[in-house]
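> Following this line is coords-v2.txt, made up of compact mmCIF, C-alpha atoms and all ligand atoms:
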# COMPACT_ATOMS: atom_id res chain seq x y z
CA MET A 1 54.99 26.83 23.15
CA ASN A 2 54.52 28.55 19.82
CA LEU A 3 50.94 29.79 19.79
CA TYR A 4 51.31 31.37 16.39
CA PRO A 5 50.82 29.82 12.97
CA SER A 6 53.72 29.41 10.60
CA ASN A 7 52.49 32.04 8.11
CA GLN A 8 53.70 34.66 10.60
CA SER A 9 57.16 34.29 9.05
CA GLN A 10 56.37 36.78 6.33
CA LYS A 11 55.35 39.55 8.72
CA GLU A 12 57.89 42.23 9.29
CA ILE A 13 58.07 44.22 12.50
CA LEU A 14 60.04 47.41 13.02
CA VAL A 15 61.22 47.75 16.62
CA ILE A 16 62.16 51.30 17.62
CA ASP A 17 63.93 51.65 20.96
CA ASP A 18 66.94 53.67 22.03
CA THR A 19 68.09 50.95 24.47
CA PRO A 20 70.08 48.30 22.58
CA ASP A 21 69.31 45.67 25.27
CA ASN A 22 65.57 46.11 24.75
CA LEU A 23 66.01 45.86 21.02
CA ARG A 24 67.99 42.69 21.40
CA LEU A 25 65.46 41.13 23.78
CA LEU A 26 62.45 41.94 21.61
CA SER A 27 64.24 40.84 18.46
CA ALA A 28 65.11 37.52 20.04
CA ILE A 29 61.53 36.87 21.13
CA LEU A 30 60.01 37.87 17.83
CA THR A 31 62.56 36.10 15.63
CA GLN A 32 61.86 32.92 17.56
CA HIS A 33 58.23 33.29 16.53
CA ASN A 34 58.94 33.63 12.84
CA TYR A 35 58.66 37.41 12.55
CA GLU A 36 61.17 39.31 10.48
CA ILE A 37 62.72 42.08 12.53
CA ARG A 38 64.05 45.47 11.58
CA LYS A 39 65.56 47.69 14.25
CA ALA A 40 65.91 51.43 14.76
CA LEU A 41 67.70 53.12 17.66
CA ASN A 42 66.19 56.59 17.26
CA SER A 43 63.36 58.48 15.63
CA SER A 44 65.18 59.64 12.49
CA GLN A 45 66.45 56.12 11.77
CA ALA A 46 62.90 54.88 12.37
CA ILE A 47 61.22 57.30 9.98
CA ALA A 48 63.83 56.69 7.28
CA SER A 49 63.36 52.94 7.68
CA VAL A 50 59.54 53.13 7.43
CA GLN A 51 59.72 55.37 4.39
CA ALA A 52 62.22 53.08 2.67
CA GLU A 53 59.84 50.16 3.08
CA ALA A 54 56.68 49.95 5.17
CA PRO A 55 56.76 47.21 7.81
CA ASP A 56 53.62 45.29 8.83
CA LEU A 57 53.74 46.61 12.39
CA ILE A 58 55.78 48.98 14.53
CA LEU A 59 56.80 48.57 18.16
CA LEU A 60 57.63 52.07 19.32
CA ASP A 61 59.35 53.13 22.53
CA ILE A 62 57.81 56.29 23.99
CA LYS A 63 60.86 57.72 25.71
CA MET A 64 63.57 58.55 23.23
CA PRO A 65 65.94 61.48 22.93
CA GLY A 66 64.86 64.15 20.42
CA MET A 67 61.56 63.20 18.85
CA ASN A 68 59.75 60.97 21.32
CA GLY A 69 57.50 58.03 20.43
CA PHE A 70 54.33 60.18 20.36
CA ASP A 71 55.92 62.56 17.84
CA VAL A 72 57.13 59.70 15.64
CA CYS A 73 53.66 58.18 15.68
CA THR A 74 52.04 61.54 14.84
CA ALA A 75 54.39 61.95 11.87
CA LEU A 76 53.64 58.43 10.60
CA LYS A 77 49.90 58.91 10.91
CA GLN A 78 50.03 62.14 8.93
CA ASN A 79 51.58 60.40 5.97
CA PRO A 80 48.98 58.56 3.81
CA ILE A 81 51.57 55.92 2.88
CA THR A 82 52.42 55.01 6.49
CA GLN A 83 49.21 55.91 8.33
CA ASP A 84 47.69 52.42 8.25
CA ILE A 85 50.67 50.63 9.83
CA PRO A 86 49.62 49.63 13.37
CA VAL A 87 51.83 51.15 16.07
CA ILE A 88 52.13 49.50 19.48
CA PHE A 89 53.74 51.75 22.08
CA ILE A 90 56.28 50.43 24.55
CA SER A 91 56.63 52.14 27.88
CA ALA A 92 58.71 51.37 30.97
CA LEU A 93 56.64 50.69 34.06
CA ASP A 94 58.13 53.69 35.83
CA ASP A 95 57.32 56.06 32.92
CA ALA A 96 54.07 57.87 33.31
CA LEU A 97 52.42 56.19 30.34
CA ASP A 98 49.87 58.56 28.95
CA LYS A 99 47.48 55.98 27.55
CA VAL A 100 44.99 58.52 26.31
CA ARG A 101 47.72 60.34 24.42
CA ALA A 102 48.99 57.04 23.01
CA PHE A 103 45.58 56.41 21.43
CA SER A 104 44.94 60.01 20.46
CA VAL A 105 48.12 60.19 18.35
CA GLY A 106 46.97 57.05 16.52
CA GLY A 107 48.57 54.23 18.55
CA ALA A 108 46.79 50.89 18.23
CA ASP A 109 47.86 49.43 21.58
CA TYR A 110 50.57 49.63 24.23
CA ILE A 111 52.84 47.29 26.17
CA THR A 112 54.60 48.07 29.46
CA LYS A 113 58.11 46.96 30.37
CA PRO A 114 59.25 44.54 31.72
CA PHE A 115 57.71 42.51 28.89
CA GLN A 116 55.82 39.34 29.26
CA GLU A 117 56.60 37.36 26.17
CA ALA A 118 53.10 35.92 25.75
CA GLU A 119 51.51 39.34 26.12
CA VAL A 120 53.81 40.95 23.55
CA LEU A 121 53.06 38.17 21.08
CA ALA A 122 49.33 38.24 21.72
CA ARG A 123 49.11 42.01 21.23
CA ILE A 124 51.13 41.84 18.01
CA GLU A 125 49.07 38.96 16.69
CA ASN A 126 45.90 40.85 17.56
CA GLN A 127 46.90 43.95 15.60
CA LEU A 128 48.08 41.96 12.60
CA LYS A 129 44.76 40.11 12.59
CA ILE A 130 42.86 43.43 12.64
CA VAL A 131 44.91 44.72 9.69
CA GLU A 132 44.33 41.49 7.80
CA LEU A 133 40.56 41.62 8.41
CA GLN A 134 40.41 45.30 7.48
CA GLY A 135 42.24 44.50 4.25
CA LYS A 136 39.77 41.71 3.46
CA LEU A 137 36.82 43.99 4.24
CA LYS A 138 38.23 46.70 1.99
CA THR A 139 38.75 44.27 -0.88
CA GLN A 140 35.24 42.87 -0.44
CA ASN A 141 33.77 46.38 -0.32
CA GLU A 142 35.57 47.36 -3.48
CA ALA A 143 34.35 44.19 -5.22
CA LEU A 144 30.78 44.85 -4.02
CA GLU A 145 30.94 48.45 -5.17
CA LYS A 146 32.14 47.32 -8.58
CA SER A 147 29.47 44.66 -8.94
CA ASN A 148 26.78 47.16 -7.82
CA GLN A 149 27.94 49.61 -10.44
CA ALA A 150 27.96 46.87 -13.07
CA LEU A 151 24.45 45.79 -12.06
CA GLU A 152 23.18 49.34 -12.21
CA GLN A 153 24.75 49.80 -15.61
CA PHE A 154 23.17 46.53 -16.71
CA ALA A 155 19.73 47.56 -15.38
CA TYR A 156 20.05 50.87 -17.19
CA VAL A 157 21.02 49.32 -20.53
CA VAL A 158 18.38 46.58 -20.34
CA ALA A 159 15.64 48.98 -19.29
CA HIS A 160 16.64 51.49 -21.95
CA ASP A 161 16.79 48.89 -24.73
CA LEU A 162 13.46 47.33 -23.72
CA GLN A 163 11.57 50.57 -24.30
CA GLN A 164 11.53 50.40 -28.08
CA PRO A 165 10.30 46.81 -28.60
CA LEU A 166 7.74 47.28 -25.83
CA GLN A 167 6.45 50.38 -27.55
CA SER A 168 6.02 48.30 -30.73
CA ILE A 169 4.07 45.55 -28.91
CA ILE A 170 1.68 48.05 -27.33
CA GLY A 171 1.41 49.99 -30.60
CA TYR A 172 0.57 46.90 -32.71
CA ALA A 173 -1.98 45.71 -30.15
CA LYS A 174 -3.67 49.11 -30.51
CA ILE A 175 -3.55 48.95 -34.32
CA ILE A 176 -5.16 45.48 -34.34
CA ASP A 177 -7.83 46.71 -31.95
CA LEU A 178 -8.63 49.76 -34.11
CA LYS A 179 -8.25 48.28 -37.59
CA TYR A 180 -9.94 44.95 -37.06
CA SER A 181 -12.44 45.97 -34.44
CA GLU A 182 -15.41 44.58 -36.43
CA ILE A 183 -14.00 41.12 -36.94
CA LEU A 184 -12.62 40.64 -33.40
CA ASP A 185 -14.73 38.64 -30.99
CA ILE A 186 -14.96 39.41 -27.25
CA SER A 187 -12.22 37.05 -26.17
CA MET A 188 -9.82 38.43 -28.80
CA LYS A 189 -10.55 41.94 -27.55
CA ASN A 190 -9.90 40.74 -24.00
CA TYR A 191 -6.53 39.36 -25.02
CA LEU A 192 -5.61 42.66 -26.64
CA THR A 193 -6.60 44.55 -23.48
CA LYS A 194 -4.39 42.19 -21.48
CA ILE A 195 -1.46 42.84 -23.83
CA SER A 196 -1.94 46.61 -23.44
CA ASP A 197 -2.30 46.43 -19.64
CA ALA A 198 0.76 44.21 -19.21
CA GLY A 199 2.69 46.49 -21.57
CA GLY A 200 1.63 49.52 -19.55
CA ARG A 201 2.82 47.92 -16.30
CA MET A 202 6.11 47.08 -17.94
CA GLN A 203 6.50 50.67 -19.12
CA PHE A 204 6.13 51.85 -15.50
CA LEU A 205 8.69 49.31 -14.38
CA ILE A 206 11.15 50.42 -17.06
CA ARG A 207 10.57 54.08 -16.22
CA ASP A 208 11.26 53.41 -12.50
CA LEU A 209 14.28 51.22 -13.20
CA LEU A 210 15.76 53.93 -15.39
CA SER A 211 15.15 56.60 -12.72
CA TYR A 212 16.76 54.39 -10.10
CA ALA A 213 19.81 53.62 -12.23
CA LEU A 214 20.19 57.27 -13.25
CA ILE A 215 20.31 58.80 -9.76
CA GLU A 216 23.98 58.14 -9.16
CA LYS A 217 25.17 58.37 -12.74
CA GLY A 218 27.39 61.25 -11.60
CA GLY A 219 28.03 64.54 -13.25
CA ILE A 220 24.66 65.80 -12.01
CA GLU A 221 24.82 69.49 -11.17
CA PHE A 222 23.07 70.57 -7.97
CA SER A 223 21.59 74.06 -7.73
CA LYS A 224 19.38 76.10 -5.42
CA ILE A 225 15.80 74.92 -5.76
CA ASP A 226 12.73 76.64 -4.36
CA GLY A 227 11.07 73.86 -2.34
CA ASN A 228 7.62 75.35 -2.99
CA ILE A 229 8.06 75.12 -6.76
CA ALA A 230 9.35 71.55 -6.53
CA LEU A 231 6.39 70.51 -4.37
CA LYS A 232 3.86 72.27 -6.61
CA GLN A 233 5.28 70.52 -9.68
CA ALA A 234 5.16 67.16 -7.87
CA LEU A 235 1.51 67.73 -6.91
CA ASN A 236 0.71 68.70 -10.51
CA ASN A 237 2.26 65.49 -11.77
CA ILE A 238 0.05 63.38 -9.50
CA ASP A 239 -3.05 65.53 -9.78
CA PHE A 240 -5.05 62.56 -11.09
CA LEU A 241 -4.20 60.56 -7.93
CA LEU A 242 -5.03 63.47 -5.63
CA GLN A 243 -8.35 64.05 -7.40
CA ALA A 244 -9.30 60.36 -7.39
CA SER A 245 -8.54 59.95 -3.68
CA HIS A 246 -10.32 63.24 -2.69
CA ALA A 247 -7.33 63.89 -0.44
CA GLU A 248 -7.26 66.86 1.88
CA LEU A 249 -3.73 68.15 1.56
CA ILE A 250 -2.04 70.49 4.03
CA TYR A 251 1.45 71.85 3.49
CA PRO A 252 3.55 74.76 4.78
CA THR A 253 5.85 77.17 2.97
CA LEU A 254 8.95 75.19 2.10
CA PRO A 255 12.58 76.34 2.29
CA THR A 256 15.13 76.68 -0.49
CA LEU A 257 16.96 73.43 -1.11
CA PHE A 258 20.21 72.56 -2.80
CA GLY A 259 19.86 69.68 -5.19
CA HIS A 260 18.62 68.25 -8.42
CA GLU A 261 15.20 69.63 -9.28
CA THR A 262 13.76 66.61 -11.13
CA GLN A 263 14.89 64.29 -8.35
CA LEU A 264 13.42 66.44 -5.59
CA ILE A 265 10.13 66.62 -7.51
CA GLN A 266 10.19 62.85 -7.84
CA LEU A 267 10.85 62.48 -4.10
CA PHE A 268 7.75 64.50 -3.12
CA GLN A 269 5.74 62.90 -5.89
CA ASN A 270 6.50 59.31 -4.85
CA ILE A 271 5.80 59.85 -1.16
CA VAL A 272 2.63 61.90 -1.55
CA GLY A 273 1.54 59.60 -4.40
CA ASN A 274 1.92 56.58 -2.12
CA ALA A 275 -0.22 58.27 0.54
CA THR A 276 -3.04 58.53 -2.04
CA LYS A 277 -2.53 54.93 -3.23
CA PHE A 278 -2.41 53.27 0.17
CA SER A 279 -5.40 55.04 1.73
CA ARG A 280 -8.27 53.36 3.54
CA SER A 281 -11.51 53.11 1.56
CA ASN A 282 -13.79 54.14 4.43
CA VAL A 283 -11.65 56.98 5.85
CA PRO A 284 -11.43 60.43 4.18
CA LEU A 285 -7.77 60.82 3.27
CA LYS A 286 -5.77 63.55 4.94
CA ILE A 287 -2.14 64.18 3.98
CA GLU A 288 -0.07 66.62 5.98
CA ILE A 289 3.39 67.80 4.98
CA SER A 290 5.57 69.45 7.61
CA VAL A 291 9.05 70.90 7.76
CA SER A 292 11.17 71.90 10.73
CA GLN A 293 14.80 72.49 11.53
CA TYR A 294 16.77 69.43 12.63
CA ASN A 295 20.22 69.56 14.24
CA GLN A 296 21.01 73.06 12.88
CA GLU A 297 22.28 71.59 9.63
CA TYR A 298 19.21 69.85 8.25
CA TRP A 299 15.58 70.35 7.39
CA LEU A 300 13.35 67.54 8.58
CA PHE A 301 10.43 66.91 6.23
CA GLY A 302 7.45 64.84 7.28
CA VAL A 303 4.67 63.47 5.09
CA HIS A 304 1.92 62.09 7.28
CA ASP A 305 -1.16 60.20 6.12
CA ASN A 306 -4.08 58.46 7.80
CA GLY A 307 -4.02 55.56 5.33
CA MET A 308 -3.76 51.80 5.67
CA GLY A 309 -0.42 51.88 7.51
CA ILE A 310 2.37 49.30 7.41
CA SER A 311 2.91 46.52 9.95
CA SER A 312 6.09 46.76 12.02
CA GLU A 313 7.51 43.56 10.49
CA ASN A 314 7.18 45.02 6.97
CA LEU A 315 8.33 48.54 7.78
CA GLY A 316 12.02 47.61 7.60
CA ARG A 317 11.72 46.38 4.00
CA ILE A 318 9.85 49.15 2.25
CA PHE A 319 12.94 51.08 1.10
CA GLU A 320 14.44 47.99 -0.55
CA LEU A 321 14.17 47.34 -4.29
CA PHE A 322 10.98 45.64 -5.50
CA GLN A 323 9.44 45.40 -2.03
CA ARG A 324 5.66 45.68 -2.06
CA VAL A 325 4.04 44.91 1.25
CA ASP A 326 0.42 45.95 0.78
CA GLY A 327 -0.64 42.31 0.64
CA ASP A 328 -3.51 42.29 -1.81
CA GLY A 329 -1.41 43.36 -4.80
CA ASP A 330 -4.38 45.23 -6.34
CA ILE A 331 -2.76 48.63 -5.95
CA PRO A 332 -0.62 49.49 -8.96
CA GLY A 333 3.09 49.95 -8.40
CA THR A 334 6.53 48.58 -9.08
CA GLY A 335 8.03 48.42 -5.59
CA LEU A 336 10.74 50.83 -6.72
CA GLY A 337 9.30 54.18 -5.61
CA LEU A 338 10.70 54.24 -2.09
CA ALA A 339 14.05 52.73 -3.17
CA ILE A 340 14.27 55.69 -5.57
CA CYS A 341 13.37 58.10 -2.73
CA LYS A 342 16.08 56.62 -0.50
CA LYS A 343 18.68 56.97 -3.20
CA ILE A 344 17.63 60.54 -3.95
CA VAL A 345 17.68 61.60 -0.29
CA GLU A 346 21.04 59.93 0.35
CA SER A 347 22.62 61.41 -2.78
CA HIS A 348 21.50 64.81 -1.44
CA GLY A 349 23.24 64.14 1.90
CA GLY A 350 20.12 63.26 3.92
CA GLN A 351 18.41 60.26 5.45
CA ILE A 352 14.93 58.80 5.10
CA TRP A 353 12.86 56.58 7.35
CA ALA A 354 9.22 55.95 8.24
CA THR A 355 7.01 55.31 11.22
CA SER A 356 3.67 53.62 10.82
CA LYS A 357 0.77 51.96 12.54
CA LEU A 358 -1.32 49.42 10.68
CA HIS A 359 -4.86 50.71 9.95
CA VAL A 360 -3.96 54.11 11.41
CA GLY A 361 -1.45 55.83 9.13
CA THR A 362 2.13 56.37 8.09
CA THR A 363 4.65 59.19 8.41
CA PHE A 364 7.61 59.40 6.05
CA LEU A 365 10.46 61.49 7.40
CA PHE A 366 13.51 62.67 5.52
CA THR A 367 16.29 65.16 6.08
CA LEU A 368 17.92 67.46 3.55
CA PRO A 369 20.81 69.86 4.24
CA ILE A 370 19.93 73.46 5.01
CA VAL A 371 21.22 75.93 2.42
CA GLN A 372 23.13 78.46 4.53
CA GLY A 373 21.76 81.99 4.37
CA GLU A 374 18.50 80.89 2.71
CA PRO A 375 14.99 80.85 4.21
P1 LIG A 401 5.02 50.87 -4.90
O1 LIG A 401 4.29 52.09 -4.43
O2 LIG A 401 5.36 50.91 -6.33
O3 LIG A 401 4.40 49.60 -4.46
P2 LIG A 401 7.08 51.79 -3.15
O4 LIG A 401 8.53 51.46 -3.13
O5 LIG A 401 6.70 53.21 -3.36
O6 LIG A 401 6.46 50.85 -4.22
O7 LIG A 401 6.44 51.32 -1.79
C1 LIG A 401 6.76 50.03 -1.28
C2 LIG A 401 5.61 49.51 -0.43
O8 LIG A 401 5.52 50.28 0.78
C3 LIG A 401 4.25 49.67 -1.07
O9 LIG A 401 3.97 48.59 -1.95
C4 LIG A 401 3.34 49.70 0.13
O10 LIG A 401 3.06 48.39 0.55
C5 LIG A 401 4.17 50.37 1.20
N1 LIG A 401 3.83 51.81 1.33
C6 LIG A 401 4.50 52.86 0.79
N2 LIG A 401 3.93 54.02 1.16
C7 LIG A 401 2.89 53.71 1.96
C8 LIG A 401 1.91 54.49 2.67
N3 LIG A 401 1.89 55.83 2.63
N4 LIG A 401 0.99 53.81 3.41
C9 LIG A 401 1.02 52.46 3.47
N5 LIG A 401 1.90 51.68 2.83
C10 LIG A 401 2.83 52.29 2.08
Output the file's structure as structure tokens, nothing else.


Amino acid sequence: MNLYPSNQSQKEILVIDDTPDNLRLLSAILTQHNYEIRKALNSSQAIASVQAEAPDLILLDIKMPGMNGFDVCTALKQNPITQDIPVIFISALDDALDKVRAFSVGGADYITKPFQEAEVLARIENQLKIVELQGKLKTQNEALEKSNQALEQFAYVVAHDLQQPLQSIIGYAKIIDLKYSEILDISMKNYLTKISDAGGRMQFLIRDLLSYALIEKGGIEFSKIDGNIALKQALNNIDFLLQASHAELIYPTLPTLFGHETQLIQLFQNIVGNATKFSRSNVPLKIEISVSQYNQEYWLFGVHDNGMGISSENLGRIFELFQRVDGDGDIPGTGLGLAICKKIVESHGGQIWATSKLHVGTTFLFTLPIVQGEP
């Protein structure tokens, strides 16, 4: 019974075995099942054959004079052109088959002699399927990467080009308000205020979209940044929020970091700014920043607040683009702040996550690499 579909006919298998009888037997089985067969009787023939043209799969005998199967496999896996070809080892039942070694040198599977035809075919089919799926995944990933880049470029261009006309709309609304103040009635003034407010919200959205799109624009030089200066600048930038929320803010001395200063400032600014925005009206706000060593290679930063908290079902979404989960929608924001933070942390080689309890508080945690030899 042929268990294998007809499109197998294109697949080419290189069988490497120093015993001509084995080669003949395997070739007969595989040819019957529509595989194209190439044969090699020793390691040097095998390597020359693979380099001349890469087969889809290799069946490789372990015990051969000179270079054995493990050595051949090691050589193939070291070469970027041949490293992705799946290698199935063949070993006689009385050989001590070192299975661990077979996998550690890059083998995909192994078969023991005497062969069972169905097993040989199933193992080959299995490996070819894996290669095919990996290829599909790679192509899809590349396509996704490309479309993400295109989208980011699009967001950047749109956001950038929207700035100017928006500025004009807001500007003219202001001029009308100032110049014709005496002849405007209340409802006209209300409309103008609405134009200005909507324009202001759009300016924030554009600003955040541009920051998001710019993070991975490449060519950004990282340098040593004093964490204390970055934090101080961030707190300065959101001074109005800190003042308005009457927040008690506690923070330690921060280490030197390696990164992009504006982005690191934005990271602190967004997270501490959120703590002031999503506070509870009847609870004095306390924000505590902490830093400790994590896994020898990273600093672990924590920003803890006693604000409104986030429910567990919403917690998983907050780092996604445009996700706002506060419910009442009264708190200003674009839903981009944490997506920006995630991108910044990841582009600096770290990770970010949060823990939270509704009506109790939230802790944002992120890691950043330790700069060796720096406090
Ligand atoms: P924005 O602040 O513009 O709404 P973010 O991306 O910064 O967008 O945050 C996404 C959502 O996560 C917020 O809308 C809010 O619901 C929630 N959130 C963020 N930080 C906190 C916090 N410290 N406490 C409670 N909820 C928060």

> With a distance cut-off of 8 Å and all atoms listed in the file, select the neighbouring residues of range 84-86 of chain A, excluding the residue or stretch itself and same-chain residues fewer than 5 positions from it, and output the selection as a ChimeraX atom specification.

/A:54-58,77,107-108,127-128,131

> What residues of the protein or nucleic acid chains come within 6 Å of ligand LIG 401 (chain A) when you use all atoms listed in the file? Reply as a ChimeraX atom specification.

/A:274-275,278,307-310,318,323-326,333-339,362

> For each of A:Ile88, A:Ile289, A:Val371, A:Leu121, take the minimum atom-to-atom distance to Pro255 in chain A, counting all atoms listed in the file, then give the residue where this is smallest.

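For Pro255 in chain A, the nearest of the candidates is A:Val371.
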
> Just give me the gap between CA of Asn236 in chain A and CA of Ile265 in chain A in Å, one decimal is fine.

10.1 Å

> So what do you get for CA of Ile29 in chain A versus CA of Glu117 in chain A, distance-wise?

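Going from CA of Ile29 in chain A over to CA of Glu117 in chain A, I get 7.1 Å.
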
> Between CA of Asn237 in chain A and CA of Gly200 in chain A, measure the distance and give it in Å to one decimal.

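Rounded to one decimal, the two atoms are 17.8 Å apart.
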
> Could you put an axis-aligned box around every listed atom of range 245-263 of chain A, padded by 4 Å on each side, and send me its centre and edge lengths in Å to one decimal, as JSON?


{"center_x": 4.9, "center_y": 68.6, "center_z": -3.2, "size_x": 38.5, "size_y": 25.2, "size_z": 23.9}

> Just checking: using only C-alpha atoms, which residue out of A:Asp18, A:Glu288, A:Glu374, A:Asp71 ends up closest to Val303 in chain A?

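Result for the nearest residue to Val303 in chain A: A:Glu288.
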
> Between A:Phe301, A:Phe154, A:Phe322, A:Phe89, single out the one closest to Val345 in chain A, counting all atoms listed in the file.

A:Phe301

> Counting all atoms listed in the file, figure out which residue out of A:Ser147, A:Thr367, A:Thr82, A:Gln203 gets nearest to His160 in chain A.

A:Gln203

> Considering only C-alpha atoms, state which residue in the set A:Leu137, A:Gln149, A:Tyr180, A:Gly199 is at the smallest distance from Ser168 in chain A.

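Among the listed residues, the smallest separation from Ser168 in chain A belongs to A:Gly199.
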
> Could you pull the residues within 10 Å of Asp109 in chain A, counting only C-alpha atoms, minus those fewer than 3 positions along the same chain, as JSON, numbers by chain?

{"A": [59, 86, 87, 88, 89, 90, 99, 102, 103, 106, 123, 124, 126, 127]}

> For Tyr298 in chain A, find every residue with an atom within 12 Å (counting only C-alpha atoms), except residues of its own chain fewer than 4 positions away, and show them as a PDB file with C-alpha atoms, in the coordinates of the input.


ATOM      1  CA  PRO A 255      12.580  76.340   2.290  1.00  0.00           C
ATOM      2  CA  THR A 256      15.130  76.680  -0.490  1.00  0.00           C
ATOM      3  CA  LEU A 257      16.960  73.430  -1.110  1.00  0.00           C
ATOM      4  CA  PHE A 258      20.210  72.560  -2.800  1.00  0.00           C
ATOM      5  CA  VAL A 291       9.050  70.900   7.760  1.00  0.00           C
ATOM      6  CA  SER A 292      11.170  71.900  10.730  1.00  0.00           C
ATOM      7  CA  GLN A 293      14.800  72.490  11.530  1.00  0.00           C
ATOM      8  CA  TYR A 294      16.770  69.430  12.630  1.00  0.00           C
ATOM      9  CA  VAL A 345      17.680  61.600  -0.290  1.00  0.00           C
ATOM     10  CA  HIS A 348      21.500  64.810  -1.440  1.00  0.00           C
ATOM     11  CA  GLY A 349      23.240  64.140   1.900  1.00  0.00           C
ATOM     12  CA  GLY A 350      20.120  63.260   3.920  1.00  0.00           C
ATOM     13  CA  GLN A 351      18.410  60.260   5.450  1.00  0.00           C
ATOM     14  CA  PHE A 366      13.510  62.670   5.520  1.00  0.00           C
ATOM     15  CA  THR A 367      16.290  65.160   6.080  1.00  0.00           C
ATOM     16  CA  LEU A 368      17.920  67.460   3.550  1.00  0.00           C
ATOM     17  CA  PRO A 369      20.810  69.860   4.240  1.00  0.00           C
ATOM     18  CA  ILE A 370      19.930  73.460   5.010  1.00  0.00           C
ATOM     19  CA  VAL A 371      21.220  75.930   2.420  1.00  0.00           C
ATOM     20  CA  GLN A 372      23.130  78.460   4.530  1.00  0.00           C
TER      21      GLN A 372
END

> Which is closer to Gln167 in chain A than all the others in A:Ala143, A:Ile195, A:Ala75, A:Ile13, using only C-alpha atoms?

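Closest candidate: A:Ile195.
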
> Find the spatial neighbours of range 49-53 of chain A, counting all atoms listed in the file, within a cut-off of 10 Å - ignore same-chain residues fewer than 2 positions away - and output them as a count of residues only.

17
